[in-house]
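K.L.:
Let me begin by handing over the structure; questions about it come next.
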Amino acid sequence: MIRLYDTIEPNVIDEELLKLAVEEQGPQEAAGQVAKQEGINFKDVRSLQLDFQNILRIDNLWQFVSLTKLQLDNNIIEKIDGLESLVNLVWLDLSFNNIESIEGLDTLVNLEDLSLFSNRIAKMDAMDSLVKLQVFSIGNNMLDNLLNVIYLRRFKFLRSLNLAGNPICEEEDYKLFVTAYLPDLVYLDFRLIDAHTRELGGTKYQYSIYELKHWENQIQSKLEEEQANIAELEKHKAAYVEYLNGPYLFDSLYLEDVEAAKLAYLPGVPELLETYKTKFIAVCQSLFDYGLIQQEKRKAEVALFYECLEEALQDNRAQGLKTIDDFEKIHSEILNTIRNASDLQVVDTKMNECTEEINRLFDVLMTLEMQLVEQLEESINSFERNITDIVGVFVENVQGLMAQCRDLENHHHEKLLEISINTLEKIVKSEFDEDLPDDVRAVFSDKDTVVNAVGASHDIHLLKIDNREDELITKVTSWCTAIVDKVHNDEHNRNRKRVKEINQYVDHLQTELDNFDFGDLID
């Protein structure tokens, strides 16, 4: 097969090509000259036309983060890639290229109009993320199976579809099939779908579509269930009690415990283990339920703090704006008096008065800010005490519940050791009639081996319990430290910014006064 670029020199998307394209498509005349002199920021470009450039590969577009329209038609592109950064793209034209498969569109979640007309595509897929797709042109390709159309049912906003020029268009019931399986489609192959065609298609394929909808509903239900489970797990993680509402922690104790699996063959151990598991899971469930309650308390405390914070900021802002408004009225009157004055002594007096008003404004604004700082400092300290106390109580109760888990493990260990020693004694006296696997019987060669096996199992269990306790406590205390630090840092930055704003405003007023134009008075 002879490729087009065997006779045409392939081009690359480089800095020079991009600058030239942006300059040609940008503002002309004076505005264009200014843009050229100051330099073009690719991040601000909204539309880019790169058609008829013999481009073989899409590259170097990562800077065009604001791009909404991109033309790459009439090139020799073989693969869709290099578009990851163009998340704001709405319109994309890749028609008249050599593309063989649809790919590289995962991040283009805002795309509404896509043209892949006249390529070499044989299958429609890998477009799931294009949830806003409205117009799709994939005519003149190699689509030879009508089932490709079913893939497009996921695009709820698709209204215009062009498939003309594909082998599937030669199918006898092509139009009926498409209109039946895409009932919301308005235009097919650039023609309005009439009601008669839509009715015929719906009738012909009604049973197939019924089965398909049933399958789609099942898939949707499973998806919603999975999403709900993920959301629920995230809620548990936020409370630091994930996987404590069931046998997960207990099962993890035995996950890597080879010795426990051997000891489970002993008479009485399965019943002992079941009792242990039931009590252990009950404690974990108590911890889980308590954790969710405490998470709500932490959320409520944080929400209350920010509500009080916002109220204080709004009150302070209102007082500041009123102060400035009152000042500007007086300031304006004084400046008008100065403009209309014919006596230098009056001007001098009013200028001093104006300076005093500016200084008074500065003092009032800074006083308001100092009052706010003191108010917020008290609120922040109160919040820090409250949230630290809430977390502290939570940690204490976690430690208490985890201690119960350790007590259950210790009790189980004692009982298991007792059964194991009794079993050893029976084996030594040849009084043990149960059949045991060879690897299990090897454990009962002597007392030290038995004690070591039971002890190794016990150590693994205690380590798992300790690790889960440490993980939970570390996460919740780290969260507490982080949010308290954030509150302090945010207030520090707010204060610095506000003081800077006041100084800049007052400096501006003073500079404006110093440069005041006295006009005819000086003449």
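Every chain in the structure tokens takes a letter, A first, then B, and so on in the order presented; its residues are numbered from 1, and the ligands are numbered from 1 following the presented order.
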Distance table requested - range 327-418 of chain A against range 433-452 of chain A, cut-off 12 Å, only C-alpha atoms: one row per qualifying residue with the closest atom pair and its distance in Å to one decimal, ordered by chain and rising residue number, as CSV.
P.N.:
residue,atom,partner,partner_atom,distance
A:His413,CA,A:Val451,CA,10.5
A:Glu414,CA,A:Val451,CA,10.8
A:Leu416,CA,A:Val451,CA,10.1
A:Leu417,CA,A:Val451,CA,7.1
A:Glu418,CA,A:Val451,CA,9.9
K.L.:
Take the residues that were just selected and, keeping N, CA and C atoms, output them as a tab-separated table (two decimals), in the first residue's frame.
P.N.:
chain	number	residue	atom	x	y	z
A	413	HIS	N	-5.81	-17.10	72.53
A	413	HIS	CA	-4.47	-17.68	72.54
A	413	HIS	C	-4.31	-18.67	73.70
A	414	GLU	N	-4.79	-18.28	74.87
A	414	GLU	CA	-4.69	-19.15	76.05
A	414	GLU	C	-5.46	-20.46	75.83
A	416	LEU	N	-6.34	-21.77	72.94
A	416	LEU	CA	-5.72	-22.53	71.86
A	416	LEU	C	-4.48	-23.26	72.34
A	417	LEU	N	-3.70	-22.57	73.18
A	417	LEU	CA	-2.50	-23.19	73.73
A	417	LEU	C	-2.87	-24.39	74.61
A	418	GLU	N	-3.94	-24.20	75.37
A	418	GLU	CA	-4.40	-25.29	76.25
A	418	GLU	C	-4.81	-26.51	75.43
K.L.:
Which parts of range 169-244 of chain A does DSSP call strand (DSSP E) when run on the backbone here, written out as a VMD selection string?
P.N.:
chain A and resid 187 to 188 191 to 192
K.L.:
Keeping only N, CA and C atoms, write the selected residues as a PDB file, in the first residue's frame.
P.N.:
ATOM      1  N   TYR A 187     -30.640  14.266  13.062  1.00  0.00           N
ATOM      2  CA  TYR A 187     -30.117  14.277  11.698  1.00  0.00           C
ATOM      3  C   TYR A 187     -29.244  13.051  11.467  1.00  0.00           C
ATOM      4  N   LEU A 188     -29.464  12.384  10.333  1.00  0.00           N
ATOM      5  CA  LEU A 188     -28.634  11.261   9.925  1.00  0.00           C
ATOM      6  C   LEU A 188     -28.112  11.539   8.520  1.00  0.00           C
ATOM      7  N   ARG A 191     -29.344  14.708   6.924  1.00  0.00           N
ATOM      8  CA  ARG A 191     -30.751  14.827   6.563  1.00  0.00           C
ATOM      9  C   ARG A 191     -31.616  14.647   7.797  1.00  0.00           C
ATOM     10  N   LEU A 192     -32.689  15.426   7.858  1.00  0.00           N
ATOM     11  CA  LEU A 192     -33.620  15.340   8.981  1.00  0.00           C
ATOM     12  C   LEU A 192     -34.343  13.995   8.936  1.00  0.00           C
TER      13      LEU A 192
END
K.L.:
Which residue out of A:Phe64, A:Ile150, A:Asp93, A:Thr197 has the minimum interatomic distance to Glu216 in chain A when only C-alpha atoms are used?
P.N.:
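Looking at the shortest contact to Glu216 in chain A, the residue is A:Ile150.
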K.L.:
In terms of the shortest atom-to-atom distance over only C-alpha atoms, which of A:Leu18, A:Val12, A:Leu114, A:Leu463 is closest to Tyr254 in chain A?
P.N.:
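So, comparing all the options, the nearest one is A:Leu463.
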K.L.:
Taking only residues of range 148-264 of chain A that have an atom at most 12 Å from an atom of range 393-405 of chain A, what is each one's shortest atom pair and its distance in Å to one decimal, using only C-alpha atoms, in chain and number order, as a tab-separated table?
P.N.:
residue	atom	partner	partner_atom	distance
A:Ala239	CA	A:Phe394	CA	10.7
A:Tyr240	CA	A:Val398	CA	10.8
A:Val241	CA	A:Val398	CA	10.1
A:Leu244	CA	A:Met402	CA	11.4
A:Leu249	CA	A:Cys405	CA	10.4
A:Phe250	CA	A:Cys405	CA	9.6
A:Leu253	CA	A:Cys405	CA	11.5
K.L.:
Could you write out the selected residues, including C-alpha atoms, as a CSV table (one decimal), in the first residue's frame?
P.N.:
chain,number,residue,atom,x,y,z
A,239,ALA,CA,-14.1,8.5,59.4
A,240,TYR,CA,-10.9,6.3,59.4
A,241,VAL,CA,-13.0,3.2,60.1
A,244,LEU,CA,-14.2,-2.3,60.3
A,249,LEU,CA,-9.9,-7.1,60.2
A,250,PHE,CA,-10.5,-10.5,61.7
A,253,LEU,CA,-5.3,-11.7,61.2
K.L.:
If we count only C-alpha atoms, what is near Tyr151 in chain A at a cut-off of 12 Å, once residues fewer than 2 positions away on the same chain are taken out, given as a list of chain:residue names?
P.N.:
A:Lys123, A:Met124, A:Asp125, A:Ala126, A:Met127, A:Asp128, A:Asn145, A:Leu146, A:Leu147, A:Asn148, A:Val149, A:Arg153, A:Arg154, A:Phe155, A:Lys156, A:Leu158, A:Val178, A:Tyr181, A:Leu182, A:Leu212, A:Glu216
K.L.:
Which is closest to Asp348 in chain A among A:Ile334, A:Leu361, A:Ile219, A:Leu408, if we use only C-alpha atoms?
P.N.:
A:Ile334
K.L.:
Please report, as a ChimeraX atom specification, each residue of range 86-298 of chain A to which DSSP assigns helix (DSSP H, G or I) when run on this structure's backbone.
P.N.:
/A:148-154,167-170,174-181,195-204,206-238,248-255,258-263,269-298
K.L.:
So that I can check the surroundings of range 297-313 of chain A, please list as a list in words every protein, DNA and RNA residue that reaches within 9 Å of it, counting only C-alpha atoms and ignoring chain neighbours fewer than 4 positions away.
P.N.:
Leu292, Ile293, Arg317, Ala318, Leu372, Gln375, Leu376, Ser379, Ile380, Phe383, Asn386, Ile387, Ile390 and Val391 of chain A
K.L.:
Please identify all polymer residues within 12 Å of Asp363 in chain A, counting only C-alpha atoms, omitting same-chain residues fewer than 4 positions from it, and present them as JSON, numbers by chain.
P.N.:
{"A": [320, 323, 324, 356, 357, 358, 359, 367, 368, 369, 370, 499, 502, 503, 506]}
K.L.:
Only C-alpha atoms, please: the residues just picked out, written as a PDB file, in the first residue's frame.
P.N.:
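selection-v7.pdb, written as the output of this step:
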ATOM      1  CA  GLY A 320     -15.002  48.659  56.549  1.00  0.00           C
ATOM      2  CA  THR A 323     -16.156  53.572  56.873  1.00  0.00           C
ATOM      3  CA  ILE A 324     -14.718  53.975  53.378  1.00  0.00           C
ATOM      4  CA  GLU A 356      -6.011  64.193  58.624  1.00  0.00           C
ATOM      5  CA  GLU A 357      -9.074  62.441  57.174  1.00  0.00           C
ATOM      6  CA  ILE A 358      -6.816  59.984  55.327  1.00  0.00           C
ATOM      7  CA  ASN A 359      -4.857  59.322  58.519  1.00  0.00           C
ATOM      8  CA  THR A 367      -8.480  49.290  64.317  1.00  0.00           C
ATOM      9  CA  LEU A 368     -11.217  47.273  62.651  1.00  0.00           C
ATOM     10  CA  GLU A 369      -8.613  44.823  61.410  1.00  0.00           C
ATOM     11  CA  MET A 370      -7.017  44.522  64.854  1.00  0.00           C
ATOM     12  CA  VAL A 499      -3.071  45.082  55.983  1.00  0.00           C
ATOM     13  CA  ILE A 502      -5.281  49.074  53.603  1.00  0.00           C
ATOM     14  CA  ASN A 503      -1.776  50.457  53.149  1.00  0.00           C
ATOM     15  CA  VAL A 506      -4.246  54.844  51.898  1.00  0.00           C
TER      16      VAL A 506
END
